[in-house]
Structure formats: structure tokens, C-alpha cells
$ cat work.cif   # mmCIF, C-alpha atoms
data_my_file
loop_
_atom_site.label_atom_id
_atom_site.label_comp_id
_atom_site.auth_asym_id
_atom_site.auth_seq_id
_atom_site.Cartn_x
_atom_site.Cartn_y
_atom_site.Cartn_z
CA MET A 709 -122.34 -3.08 99.85
CA ALA A 710 -119.63 -5.16 101.25
CA ARG A 711 -119.97 -8.44 99.45
CA PRO A 712 -118.32 -11.31 101.30
CA LEU A 713 -116.64 -14.17 99.47
CA VAL A 714 -116.42 -17.57 101.13
CA ASN A 715 -114.57 -20.59 99.79
CA VAL A 716 -115.41 -23.98 101.31
CA PRO A 717 -114.90 -27.40 99.68
CA ALA A 718 -118.24 -28.87 98.52
CA LYS A 719 -117.53 -32.36 99.85
CA VAL A 720 -115.21 -33.51 102.64
CA LYS A 721 -114.51 -36.84 104.32
CA ARG A 722 -115.72 -37.25 107.91
CA GLY A 723 -113.02 -36.46 110.46
CA GLN A 724 -110.85 -34.63 107.95
CA ALA A 725 -109.61 -31.08 108.59
CA PHE A 726 -110.48 -28.75 105.73
CA GLU A 727 -109.55 -25.18 104.90
CA ILE A 728 -112.01 -22.27 104.86
CA LYS A 729 -111.13 -19.03 103.06
CA THR A 730 -113.03 -15.77 103.51
CA LEU A 731 -112.69 -12.32 101.98
CA ILE A 732 -114.85 -9.23 102.52
CA SER A 733 -114.57 -5.83 100.89
CA HIS A 734 -114.03 -3.13 103.52
CA ILE A 735 -111.91 0.04 103.62
CA MET A 736 -110.44 -0.71 107.11
CA GLU A 737 -109.68 2.99 107.73
CA THR A 738 -107.14 3.06 110.56
CA GLY A 739 -108.07 6.37 112.18
CA PHE A 740 -104.40 7.40 112.11
CA ARG A 741 -104.43 9.07 108.71
CA TYR A 742 -104.92 12.75 107.93
CA THR A 743 -106.29 14.62 104.93
CA THR A 744 -104.17 17.30 103.25
CA THR A 745 -106.09 19.93 105.26
CA GLY A 746 -104.92 18.29 108.49
CA GLU A 747 -108.15 16.64 109.55
CA ARG A 748 -107.96 13.18 111.07
CA ILE A 749 -109.94 10.58 109.11
CA PRO A 750 -112.14 8.77 111.64
CA ARG A 751 -111.61 5.07 112.26
CA ASP A 752 -113.85 2.69 110.29
CA ILE A 753 -112.82 -0.94 110.67
CA ILE A 754 -114.28 -4.41 111.08
CA THR A 755 -113.65 -5.33 114.72
CA PHE A 756 -115.01 -8.86 114.92
CA PHE A 757 -115.29 -11.96 112.73
CA SER A 758 -116.71 -15.34 113.66
CA CYS A 759 -117.57 -18.63 112.00
CA SER A 760 -119.94 -21.26 113.34
CA TYR A 761 -120.53 -24.81 112.08
CA ASN A 762 -124.12 -26.04 112.62
CA GLY A 763 -124.55 -23.42 115.34
CA GLU A 764 -121.31 -24.12 117.20
CA GLU A 765 -118.60 -21.47 117.08
CA ILE A 766 -115.39 -22.82 115.56
CA PHE A 767 -113.40 -19.65 114.86
CA ARG A 768 -113.42 -16.11 116.24
CA ALA A 769 -111.11 -13.18 115.58
CA ASP A 770 -110.68 -9.70 117.07
CA LEU A 771 -109.46 -7.30 114.39
CA TYR A 772 -107.35 -4.17 114.92
CA PRO A 773 -106.50 -1.30 112.53
CA ALA A 774 -103.32 -3.21 111.57
CA ILE A 775 -105.42 -5.59 109.44
CA SER A 776 -105.28 -4.70 105.74
CA ALA A 777 -108.21 -3.36 103.73
CA ASN A 778 -110.54 -6.13 102.51
CA PRO A 779 -109.83 -8.52 105.42
CA PHE A 780 -108.86 -12.00 104.28
CA PHE A 781 -108.77 -15.07 106.51
CA THR A 782 -108.01 -18.72 106.11
CA PHE A 783 -108.44 -21.26 108.90
CA PHE A 784 -109.23 -24.94 109.41
CA THR A 785 -112.00 -27.02 110.93
CA THR A 786 -112.74 -30.72 111.20
CA ALA A 787 -115.65 -32.18 109.22
CA THR A 788 -118.27 -33.68 111.56
CA GLU A 789 -121.75 -33.56 109.97
CA SER A 790 -123.24 -32.16 106.78
CA GLY A 791 -124.76 -28.75 107.35
CA THR A 792 -124.13 -25.03 107.15
CA LEU A 793 -121.25 -22.77 108.00
CA GLU A 794 -122.26 -19.31 109.15
CA PHE A 795 -119.93 -16.34 108.88
CA LYS A 796 -120.42 -13.03 110.66
CA TRP A 797 -118.54 -9.73 110.42
CA THR A 798 -119.27 -6.72 112.64
CA GLY A 799 -117.51 -3.38 112.95
CA ASP A 800 -117.57 0.39 113.41
CA ASN A 801 -120.55 2.54 112.37
CA GLY A 802 -122.96 -0.38 112.77
CA PHE A 803 -121.28 -2.53 110.12
CA ALA A 804 -122.76 -6.05 110.02
CA GLU A 805 -122.52 -8.66 107.29
CA THR A 806 -123.25 -12.39 107.17
CA ALA A 807 -122.64 -15.24 104.76
CA THR A 808 -123.45 -18.95 104.73
CA ALA A 809 -121.97 -21.97 102.99
CA LYS A 810 -123.22 -25.54 102.68
CA ILE A 811 -120.95 -28.46 103.38
CA THR A 812 -121.51 -32.15 102.56
CA VAL A 813 -119.71 -34.67 104.75
CA GLU A 814 -119.23 -38.15 103.35
CA MET B 65 -73.47 45.13 130.34
CA LYS B 66 -75.56 45.49 127.25
CA GLN B 67 -73.49 42.96 125.34
CA ARG B 68 -73.80 40.42 128.14
CA ASN B 69 -77.56 40.80 128.07
CA GLN B 70 -77.57 40.16 124.37
CA GLY B 71 -75.50 37.03 124.89
CA SER B 72 -77.97 35.63 127.40
CA THR B 73 -80.91 36.23 125.09
CA ARG B 74 -79.16 34.35 122.33
CA ARG B 75 -78.58 31.49 124.78
CA GLU B 76 -82.23 31.60 125.71
CA ILE B 77 -83.22 31.41 122.07
CA LEU B 78 -80.91 28.42 121.58
CA ILE B 79 -82.35 26.64 124.62
CA GLY B 80 -85.84 27.49 123.43
CA SER B 81 -85.21 26.03 119.98
CA LEU B 82 -83.72 22.89 121.55
CA ALA B 83 -86.82 22.44 123.70
CA GLY B 84 -88.97 22.94 120.61
CA GLY B 85 -87.04 20.17 118.88
CA LEU B 86 -87.69 17.85 121.82
CA VAL B 87 -91.42 18.58 121.74
CA ALA B 88 -91.46 17.83 118.02
CA THR B 89 -89.85 14.40 118.49
CA PHE B 90 -92.33 13.54 121.24
CA ARG B 91 -95.21 14.40 118.90
CA ILE B 92 -93.89 11.99 116.29
CA SER B 93 -93.46 9.11 118.75
CA ASP B 94 -96.94 9.88 120.08
CA VAL B 95 -98.59 8.11 117.12
CA ALA B 96 -96.36 5.04 117.20
CA ALA B 97 -96.42 2.03 119.48
CA THR B 98 -93.09 1.27 121.11
CA PRO B 99 -91.47 -2.03 122.08
CA GLU B 100 -92.64 -1.17 125.64
CA ALA B 101 -96.24 -0.72 124.41
CA MET B 102 -95.96 -4.13 122.71
CA ARG B 103 -94.70 -5.68 125.95
CA SER B 104 -97.58 -4.23 127.95
CA ALA B 105 -100.08 -5.40 125.29
CA ILE B 106 -98.57 -8.90 125.57
CA ARG B 107 -98.80 -8.71 129.39
CA GLN B 108 -102.52 -7.93 129.07
CA ILE B 109 -103.02 -11.20 127.21
CA VAL B 110 -100.65 -13.55 129.04
CA GLY B 111 -100.88 -12.03 132.53
CA THR B 112 -98.05 -13.26 134.73
CA ALA B 113 -97.52 -16.49 132.78
CA GLN B 114 -94.13 -17.21 131.22
CA VAL B 115 -93.89 -17.01 127.42
CA ARG B 116 -91.53 -19.60 125.95
CA LYS B 117 -89.95 -19.60 122.50
CA GLY B 118 -90.94 -22.40 120.14
CA ARG B 119 -93.89 -24.46 118.83
CA VAL B 120 -95.11 -21.40 116.87
CA ASP B 121 -94.16 -20.89 113.24
CA LEU B 122 -94.50 -17.33 111.95
CA ASP B 123 -94.35 -17.23 108.16
CA VAL B 124 -93.89 -13.66 106.92
CA PRO B 125 -91.83 -12.17 104.08
CA PRO B 126 -88.49 -10.81 105.40
CA LEU B 127 -88.52 -7.89 102.96
CA VAL B 128 -91.76 -5.99 102.40
CA GLU B 129 -92.13 -3.55 99.50
CA ASN B 130 -95.64 -2.35 100.33
CA GLY B 131 -96.60 -2.18 104.01
CA ASN B 132 -100.31 -1.93 103.20
CA THR B 133 -100.81 -5.64 102.53
CA VAL B 134 -98.40 -8.13 104.03
CA SER B 135 -99.22 -11.81 104.17
CA LEU B 136 -99.13 -13.40 107.61
CA VAL B 137 -99.33 -17.14 108.28
CA VAL B 138 -99.16 -18.49 111.82
CA SER B 139 -99.10 -22.22 112.48
CA VAL B 140 -98.72 -23.88 115.85
CA ASP B 141 -97.30 -27.33 116.54
CA SER B 142 -100.20 -29.00 118.38
CA PRO B 143 -102.05 -32.34 118.04
CA MET B 144 -105.39 -30.43 118.25
CA THR B 145 -107.18 -33.12 120.30
CA LYS B 146 -109.95 -32.55 122.88
CA THR B 147 -107.38 -32.45 125.69
CA ASP B 148 -104.45 -30.76 123.95
CA TYR B 149 -105.22 -27.90 121.60
CA VAL B 150 -104.45 -24.26 120.80
CA LYS B 151 -106.87 -21.88 122.52
CA SER B 152 -105.79 -18.61 120.92
CA ILE B 153 -103.18 -16.95 118.74
CA HIS B 154 -102.25 -13.28 119.18
CA VAL B 155 -99.98 -11.24 116.92
CA PHE B 156 -98.19 -8.07 118.06
CA ASN B 157 -96.04 -5.38 116.44
CA GLU B 158 -93.56 -2.83 117.83
CA LYS B 159 -93.92 0.24 115.65
CA ASN B 160 -97.41 0.51 114.16
CA PRO B 161 -99.67 3.13 115.83
CA GLN B 162 -101.14 0.32 117.96
CA PRO B 163 -99.32 -2.78 119.26
CA ASN B 164 -102.09 -5.32 118.47
CA VAL B 165 -102.48 -6.90 115.04
CA ILE B 166 -105.03 -9.67 115.57
CA GLY B 167 -106.39 -12.01 118.23
CA VAL B 168 -107.75 -15.36 117.05
CA HIS B 169 -109.65 -17.91 119.13
CA LEU B 170 -109.58 -21.55 118.09
CA GLY B 171 -110.85 -24.75 119.65
CA PRO B 172 -110.21 -28.50 119.53
CA ARG B 173 -112.48 -28.73 116.46
CA ALA B 174 -110.09 -26.71 114.32
CA GLY B 175 -108.18 -29.89 113.42
CA LYS B 176 -105.15 -27.88 112.39
CA ALA B 177 -103.79 -24.80 114.16
CA LYS B 178 -102.99 -22.69 111.13
CA ILE B 179 -104.35 -19.26 110.22
CA ALA B 180 -103.57 -16.77 107.48
CA THR B 181 -104.47 -13.13 106.96
CA ARG B 182 -103.02 -9.88 105.59
CA PHE B 183 -101.85 -6.98 107.72
CA ARG B 184 -100.24 -3.54 107.66
CA LEU B 185 -96.74 -2.48 108.66
CA ALA B 186 -95.82 1.14 109.40
CA ASP B 187 -92.07 0.59 109.74
CA THR B 188 -89.23 -1.92 109.77
CA GLN B 189 -89.84 -3.85 112.97
CA VAL B 190 -90.12 -7.12 114.86
CA ILE B 191 -93.43 -9.03 114.78
CA THR B 192 -94.30 -11.47 117.56
CA ALA B 193 -96.93 -14.23 117.54
CA ILE B 194 -98.01 -15.83 120.80
CA ALA B 195 -100.11 -19.00 121.10
CA GLU B 196 -102.05 -19.97 124.21
CA MET B 197 -102.39 -23.74 124.70
CA SER B 198 -105.23 -25.56 126.44
CA ASP B 199 -102.88 -26.39 129.34
CA GLY B 200 -102.34 -22.67 130.00
CA THR B 201 -98.81 -22.39 128.59
CA PHE B 202 -97.77 -19.66 126.15
CA TRP B 203 -95.41 -20.14 123.21
CA SER B 204 -94.05 -17.50 120.86
CA ALA B 205 -92.13 -16.76 117.69
CA SER B 206 -90.71 -13.48 116.39
CA ALA B 207 -89.62 -12.28 112.98
CA GLU B 208 -87.83 -9.14 111.87
CA MET B 209 -89.41 -7.50 108.84
CA ILE B 210 -87.87 -4.79 106.66
CA VAL B 211 -90.41 -2.39 105.15
CA THR B 212 -89.61 -0.05 102.26
CA MET B 213 -93.04 1.62 101.88
CA ALA B 214 -94.90 2.18 105.13
CA ALA B 215 -98.65 2.01 105.79
CA CYS B 216 -101.08 3.37 108.40
CA VAL B 217 -100.07 7.01 108.90
CA GLU B 218 -99.56 8.48 105.43
CA VAL B 219 -101.33 11.74 104.50
CA LEU B 220 -103.96 11.47 101.79
#

$ encode --input "work.cif" --output "C-alpha cells"
Amino acid sequence: MARPLVNVPAKVKRGQAFEIKTLISHIMETGFRYTTTGERIPRDIITFFSCSYNGEEIFRADLYPAISANPFFTFFTTATESGTLEFKWTGDNGFAETATAKITVE
Amino acid sequence: MKQRNQGSTRREILIGSLAGGLVATFRISDVAATPEAMRSAIRQIVGTAQVRKGRVDLDVPPLVENGNTVSLVVSVDSPMTKTDYVKSIHVFNEKNPQPNVIGVHLGPRAGKAKIATRFRLADTQVITAIAEMSDGTFWSASAEMIVTMAACVEVL
């Protein structure tokens, strides 16, 4: 299983921008590689990643084969209310993974 | 007469081998994006709008030992308010099999227009990041990267 890792500060001040870090294990096979017998290895990548904060989308990314194995992202958002951050990854061969993180806004 | 015939066959063989060489080079370039492919990929995103240099900071290592994981940090100079913010950031390459690297969509809530990820490089090439602002303007930055061990197309 692809276990996602999410790093969010536990407490943030209202109105402050904070950093979110995510990492998910995935092979990200490009589809441009061949085996020694000359067969093309089919593409198997994550194509989409999104993050929503209390239901509102704050970050979205379209991934291409040029993204390294085990896709890693960091991005920022502004603290508004305490609540949950939801992360979603989808990709080839029906790949779907989610993660959540709690955030306390002071 | 006979000798002349022989001469022409040798010429034919030479021409044939030359043509074969040309076909071989085309096959190699078939799997790689070209600067033209990158330009058309950029056109698909920006349309007819003008792309200006500046406001975007592309932080990548100038010399890459392993093309399989290269750190990429893009930050855009923007106040990130409700009326003036970065809508999206797109990164393109010239010589990987495909010209696109990533497309990121932000909003005014981001607070800070800075993203980081890791990507692959198949060759020494120029990387371009383009940011779309909320007012519809496009800004870009480019960086030349030297790669000693390539990614993407190696045989297992």
C-alpha cells in the first residue's frame, strides 16, 4: 500500500501562512522505459493531487511522468479556522489514496 | 560496362546506408521532447498572451549528478491578496520525453506563492517555469541544468 505522509504544524496563529509537506510512496513509472527483452514498461503514475481545507480546495496539481518516484510536495496556505485538511491522490490503474490532518488555529 | 555497373551498386549501398543512418537518428529523437515541443506545450497553457521575464524565482541545482530526483522550488513575487494573486504555476522542460513537468493551481488563500517538489531530468537542458497571475498576465523564469546521469529512458 502506498502510505502517505503529511506534515502540518499542530497549532498556527490566525491569518498566518503555514507550510504543508506531503510525501507518498509510488513508483511513478514513466512509460518510456524498456526491459532488457525490449518490451515497453507501461505507464503507472499519479496524475492528480489536491488538498482542501474544511472542504474548500486550496491546492491542486497535475502530475506528469517527469515527477520523481515517491512524489513530494510542499506548499503554503493561510490559517483561517480550526479544522481538517484533506489530501487526495489519484492516478493510473485506478490508484486512489487519501489522508487527513487536523489543524488548530489560535 | 560491367565495372560501371558495379560502381553504381556501391553508390547505391552508400546512399542506402546513409538513409539508414538518418532513420536511426529520427528514431532516437522520437522519444525526446524538443525545444519546439516545449514551446507548443507553453502555447497550450498561455494561449496568445505574452510571457514576460521576471517575478518568478526558479531554484534548481545548476549541476545534477542523478537525474532521477532533482529538487525544484518555484516562488513567485506576489502579495497573494484576494485581488492580486498567483493562479497557477507550470514547469516545462526541453529534452525529457514529454515537455510538461507539473501544473499547479493556487488561490488567494495560499498566503505565499511557493511550491517545492522533485522531478526527473533526461538530459542537460533548460527548464522554464511560468506563473499565471489573477490579472491574466504571465511571468517566467528559466534555468540551465547540467545532468551527468540521465533519468526516464534507461533500459532496466

$ residues_around --input "work.cif" --residues "segment 746-756 of chain A" --least-positions-apart "6" --cutoff "6 Å" --atoms "only C-alpha atoms" --output "count of residues only"
11

$ interface_residues --input "work.cif" --of "chain A" --to "chain B" --cutoff "7 Å" --atoms "all atoms listed in the file" --output "list in words"
Ala725, Thr738, Phe740, Arg741, Tyr742, Thr743, Thr744, Ile766, Phe767, Arg768, Ala769, Asp770, Leu771, Tyr772, Ala774, Ile775, Ser776, Pro779, Phe780, Phe781, Thr782, Phe783, Phe784, Thr785 and Thr786 of chain A

$ resolve_selection --input "work.cif" --expression "the PyMOL selection byres ((chain B and resi 193) around 8)" --output "ChimeraX atom specification"
/B:120,122,138,153-156,191-192,194-195,204-206

$ residues_around --input "work.cif" --residues "segment 807-814 of chain A" --least-positions-apart "6" --cutoff "12 Å" --atoms "all atoms listed in the file" --output "PDB file with C-alpha atoms, in the frame of the given file"
ATOM      1  CA  ALA A 710    -119.630  -5.160 101.250  1.00  0.00           C
ATOM      2  CA  ARG A 711    -119.970  -8.440  99.450  1.00  0.00           C
ATOM      3  CA  PRO A 712    -118.320 -11.310 101.300  1.00  0.00           C
ATOM      4  CA  LEU A 713    -116.640 -14.170  99.470  1.00  0.00           C
ATOM      5  CA  VAL A 714    -116.420 -17.570 101.130  1.00  0.00           C
ATOM      6  CA  ASN A 715    -114.570 -20.590  99.790  1.00  0.00           C
ATOM      7  CA  VAL A 716    -115.410 -23.980 101.310  1.00  0.00           C
ATOM      8  CA  PRO A 717    -114.900 -27.400  99.680  1.00  0.00           C
ATOM      9  CA  ALA A 718    -118.240 -28.870  98.520  1.00  0.00           C
ATOM     10  CA  LYS A 719    -117.530 -32.360  99.850  1.00  0.00           C
ATOM     11  CA  VAL A 720    -115.210 -33.510 102.640  1.00  0.00           C
ATOM     12  CA  LYS A 721    -114.510 -36.840 104.320  1.00  0.00           C
ATOM     13  CA  ARG A 722    -115.720 -37.250 107.910  1.00  0.00           C
ATOM     14  CA  GLY A 723    -113.020 -36.460 110.460  1.00  0.00           C
ATOM     15  CA  GLN A 724    -110.850 -34.630 107.950  1.00  0.00           C
ATOM     16  CA  ALA A 725    -109.610 -31.080 108.590  1.00  0.00           C
ATOM     17  CA  PHE A 726    -110.480 -28.750 105.730  1.00  0.00           C
ATOM     18  CA  GLU A 727    -109.550 -25.180 104.900  1.00  0.00           C
ATOM     19  CA  ILE A 728    -112.010 -22.270 104.860  1.00  0.00           C
ATOM     20  CA  LYS A 729    -111.130 -19.030 103.060  1.00  0.00           C
ATOM     21  CA  THR A 730    -113.030 -15.770 103.510  1.00  0.00           C
ATOM     22  CA  LEU A 731    -112.690 -12.320 101.980  1.00  0.00           C
ATOM     23  CA  ILE A 732    -114.850  -9.230 102.520  1.00  0.00           C
ATOM     24  CA  PHE A 757    -115.290 -11.960 112.730  1.00  0.00           C
ATOM     25  CA  SER A 758    -116.710 -15.340 113.660  1.00  0.00           C
ATOM     26  CA  CYS A 759    -117.570 -18.630 112.000  1.00  0.00           C
ATOM     27  CA  SER A 760    -119.940 -21.260 113.340  1.00  0.00           C
ATOM     28  CA  TYR A 761    -120.530 -24.810 112.080  1.00  0.00           C
ATOM     29  CA  ASN A 762    -124.120 -26.040 112.620  1.00  0.00           C
ATOM     30  CA  GLY A 763    -124.550 -23.420 115.340  1.00  0.00           C
ATOM     31  CA  THR A 785    -112.000 -27.020 110.930  1.00  0.00           C
ATOM     32  CA  THR A 786    -112.740 -30.720 111.200  1.00  0.00           C
ATOM     33  CA  ALA A 787    -115.650 -32.180 109.220  1.00  0.00           C
ATOM     34  CA  THR A 788    -118.270 -33.680 111.560  1.00  0.00           C
ATOM     35  CA  GLU A 789    -121.750 -33.560 109.970  1.00  0.00           C
ATOM     36  CA  SER A 790    -123.240 -32.160 106.780  1.00  0.00           C
ATOM     37  CA  GLY A 791    -124.760 -28.750 107.350  1.00  0.00           C
ATOM     38  CA  THR A 792    -124.130 -25.030 107.150  1.00  0.00           C
ATOM     39  CA  LEU A 793    -121.250 -22.770 108.000  1.00  0.00           C
ATOM     40  CA  GLU A 794    -122.260 -19.310 109.150  1.00  0.00           C
ATOM     41  CA  PHE A 795    -119.930 -16.340 108.880  1.00  0.00           C
ATOM     42  CA  LYS A 796    -120.420 -13.030 110.660  1.00  0.00           C
ATOM     43  CA  TRP A 797    -118.540  -9.730 110.420  1.00  0.00           C
TER      44      TRP A 797
END

$ atom_distance --input "work.cif" --atom1 "atom CA of Val190 of chain B" --atom2 "atom CA of Thr98 of chain B"
10.9 Å

$ resolve_selection --input "work.cif" --expression "the PyMOL selection byres ((chain B and resi 202) around 9)" --output "ChimeraX atom specification"
/B:110,113-117,194-197,200-201,203-204

$ atom_distance --input "work.cif" --atom1 "atom CA of Met144 of chain B" --atom2 "atom CA of Ser198 of chain B"
9.5 Å

$ axis_aligned_box --input "work.cif" --around "segment 796-810 of chain A" --padding-each-side "5 Å" --output "JSON"
{"center_x": -120.5, "center_y": -11.5, "center_z": 108.0, "size_x": 15.9, "size_y": 38.1, "size_z": 20.7}

$ resolve_selection --input "work.cif" --expression "the PyMOL selection byres ((chain B and resi 128) around 9)" --output "number ranges by chain"
B: 125-127, 129-131, 134, 185, 188, 209-213

$ residues_around --input "work.cif" --residues "Asp199 of chain B" --least-positions-apart "3" --cutoff "10 Å" --atoms "all atoms listed in the file" --output "PyMOL selection string"
chain B and resi 147-151+196+202

$ atom_distance --input "work.cif" --atom1 "atom CA of Arg103 of chain B" --atom2 "atom CA of Gln189 of chain B"
14.0 Å

$ decode --input "work.cif" --residues "segment 762-790 of chain A" --atoms "N, CA and C atoms" --output "PDB file, in the first residue's frame"
ATOM      1  N   ASN A 762     -11.082  22.418   5.235  1.00  0.00           N
ATOM      2  CA  ASN A 762     -12.503  22.475   5.624  1.00  0.00           C
ATOM      3  C   ASN A 762     -13.419  22.462   4.398  1.00  0.00           C
ATOM      4  N   GLY A 763     -13.099  21.582   3.453  1.00  0.00           N
ATOM      5  CA  GLY A 763     -13.951  21.406   2.276  1.00  0.00           C
ATOM      6  C   GLY A 763     -13.642  22.300   1.100  1.00  0.00           C
ATOM      7  N   GLU A 764     -12.834  23.344   1.302  1.00  0.00           N
ATOM      8  CA  GLU A 764     -12.514  24.246   0.204  1.00  0.00           C
ATOM      9  C   GLU A 764     -11.144  23.914  -0.378  1.00  0.00           C
ATOM     10  N   GLU A 765     -11.080  23.761  -1.697  1.00  0.00           N
ATOM     11  CA  GLU A 765      -9.810  23.393  -2.326  1.00  0.00           C
ATOM     12  C   GLU A 765      -8.806  24.535  -2.241  1.00  0.00           C
ATOM     13  N   ILE A 766      -7.615  24.230  -1.736  1.00  0.00           N
ATOM     14  CA  ILE A 766      -6.589  25.271  -1.610  1.00  0.00           C
ATOM     15  C   ILE A 766      -5.376  25.006  -2.494  1.00  0.00           C
ATOM     16  N   PHE A 767      -5.223  23.767  -2.961  1.00  0.00           N
ATOM     17  CA  PHE A 767      -4.058  23.427  -3.779  1.00  0.00           C
ATOM     18  C   PHE A 767      -4.420  22.245  -4.681  1.00  0.00           C
ATOM     19  N   ARG A 768      -3.981  22.340  -5.936  1.00  0.00           N
ATOM     20  CA  ARG A 768      -4.261  21.266  -6.891  1.00  0.00           C
ATOM     21  C   ARG A 768      -3.078  21.169  -7.831  1.00  0.00           C
ATOM     22  N   ALA A 769      -2.676  19.933  -8.161  1.00  0.00           N
ATOM     23  CA  ALA A 769      -1.529  19.767  -9.057  1.00  0.00           C
ATOM     24  C   ALA A 769      -1.803  18.669 -10.075  1.00  0.00           C
ATOM     25  N   ASP A 770      -1.416  18.925 -11.321  1.00  0.00           N
ATOM     26  CA  ASP A 770      -1.442  17.907 -12.379  1.00  0.00           C
ATOM     27  C   ASP A 770      -0.028  17.377 -12.521  1.00  0.00           C
ATOM     28  N   LEU A 771       0.130  16.058 -12.372  1.00  0.00           N
ATOM     29  CA  LEU A 771       1.459  15.456 -12.402  1.00  0.00           C
ATOM     30  C   LEU A 771       1.716  14.807 -13.757  1.00  0.00           C
ATOM     31  N   TYR A 772       2.956  14.862 -14.192  1.00  0.00           N
ATOM     32  CA  TYR A 772       3.381  14.237 -15.453  1.00  0.00           C
ATOM     33  C   TYR A 772       4.480  13.227 -15.132  1.00  0.00           C
ATOM     34  N   PRO A 773       4.864  12.376 -16.123  1.00  0.00           N
ATOM     35  CA  PRO A 773       5.904  11.376 -15.829  1.00  0.00           C
ATOM     36  C   PRO A 773       7.234  11.983 -15.365  1.00  0.00           C
ATOM     37  N   ALA A 774       7.440  13.270 -15.579  1.00  0.00           N
ATOM     38  CA  ALA A 774       8.697  13.912 -15.159  1.00  0.00           C
ATOM     39  C   ALA A 774       8.803  14.078 -13.652  1.00  0.00           C
ATOM     40  N   ILE A 775       7.733  13.786 -12.900  1.00  0.00           N
ATOM     41  CA  ILE A 775       7.812  13.880 -11.443  1.00  0.00           C
ATOM     42  C   ILE A 775       8.470  12.602 -10.906  1.00  0.00           C
ATOM     43  N   SER A 776       9.397  12.778  -9.965  1.00  0.00           N
ATOM     44  CA  SER A 776      10.166  11.656  -9.431  1.00  0.00           C
ATOM     45  C   SER A 776       9.289  10.633  -8.720  1.00  0.00           C
ATOM     46  N   ALA A 777       9.826   9.434  -8.555  1.00  0.00           N
ATOM     47  CA  ALA A 777       9.161   8.407  -7.760  1.00  0.00           C
ATOM     48  C   ALA A 777       8.949   8.945  -6.345  1.00  0.00           C
ATOM     49  N   ASN A 778       7.897   8.483  -5.694  1.00  0.00           N
ATOM     50  CA  ASN A 778       7.510   8.954  -4.362  1.00  0.00           C
ATOM     51  C   ASN A 778       7.301  10.476  -4.355  1.00  0.00           C
ATOM     52  N   PRO A 779       6.250  10.928  -5.048  1.00  0.00           N
ATOM     53  CA  PRO A 779       6.036  12.381  -5.210  1.00  0.00           C
ATOM     54  C   PRO A 779       5.983  13.133  -3.878  1.00  0.00           C
ATOM     55  N   PHE A 780       6.734  14.217  -3.834  1.00  0.00           N
ATOM     56  CA  PHE A 780       6.882  15.047  -2.645  1.00  0.00           C
ATOM     57  C   PHE A 780       6.436  16.463  -3.005  1.00  0.00           C
ATOM     58  N   PHE A 781       5.623  17.060  -2.139  1.00  0.00           N
ATOM     59  CA  PHE A 781       5.177  18.430  -2.392  1.00  0.00           C
ATOM     60  C   PHE A 781       5.249  19.251  -1.125  1.00  0.00           C
ATOM     61  N   THR A 782       5.629  20.504  -1.261  1.00  0.00           N
ATOM     62  CA  THR A 782       5.405  21.439  -0.169  1.00  0.00           C
ATOM     63  C   THR A 782       4.702  22.658  -0.759  1.00  0.00           C
ATOM     64  N   PHE A 783       3.776  23.218   0.011  1.00  0.00           N
ATOM     65  CA  PHE A 783       3.057  24.408  -0.424  1.00  0.00           C
ATOM     66  C   PHE A 783       2.543  25.123   0.820  1.00  0.00           C
ATOM     67  N   PHE A 784       1.939  26.289   0.608  1.00  0.00           N
ATOM     68  CA  PHE A 784       1.514  27.120   1.740  1.00  0.00           C
ATOM     69  C   PHE A 784       0.016  27.359   1.717  1.00  0.00           C
ATOM     70  N   THR A 785      -0.550  27.627   2.887  1.00  0.00           N
ATOM     71  CA  THR A 785      -1.925  28.109   2.954  1.00  0.00           C
ATOM     72  C   THR A 785      -2.055  29.005   4.177  1.00  0.00           C
ATOM     73  N   THR A 786      -3.095  29.834   4.176  1.00  0.00           N
ATOM     74  CA  THR A 786      -3.301  30.756   5.283  1.00  0.00           C
ATOM     75  C   THR A 786      -4.255  30.129   6.291  1.00  0.00           C
ATOM     76  N   ALA A 787      -3.936  30.246   7.574  1.00  0.00           N
ATOM     77  CA  ALA A 787      -4.774  29.696   8.636  1.00  0.00           C
ATOM     78  C   ALA A 787      -6.029  30.549   8.776  1.00  0.00           C
ATOM     79  N   THR A 788      -7.203  29.921   8.678  1.00  0.00           N
ATOM     80  CA  THR A 788      -8.461  30.655   8.860  1.00  0.00           C
ATOM     81  C   THR A 788      -9.197  30.130  10.094  1.00  0.00           C
ATOM     82  N   GLU A 789      -9.618  28.880  10.080  1.00  0.00           N
ATOM     83  CA  GLU A 789     -10.351  28.268  11.191  1.00  0.00           C
ATOM     84  C   GLU A 789      -9.715  26.929  11.542  1.00  0.00           C
ATOM     85  N   SER A 790      -9.941  26.478  12.774  1.00  0.00           N
ATOM     86  CA  SER A 790      -9.514  25.127  13.132  1.00  0.00           C
ATOM     87  C   SER A 790     -10.333  24.140  12.317  1.00  0.00           C
TER      88      SER A 790
END
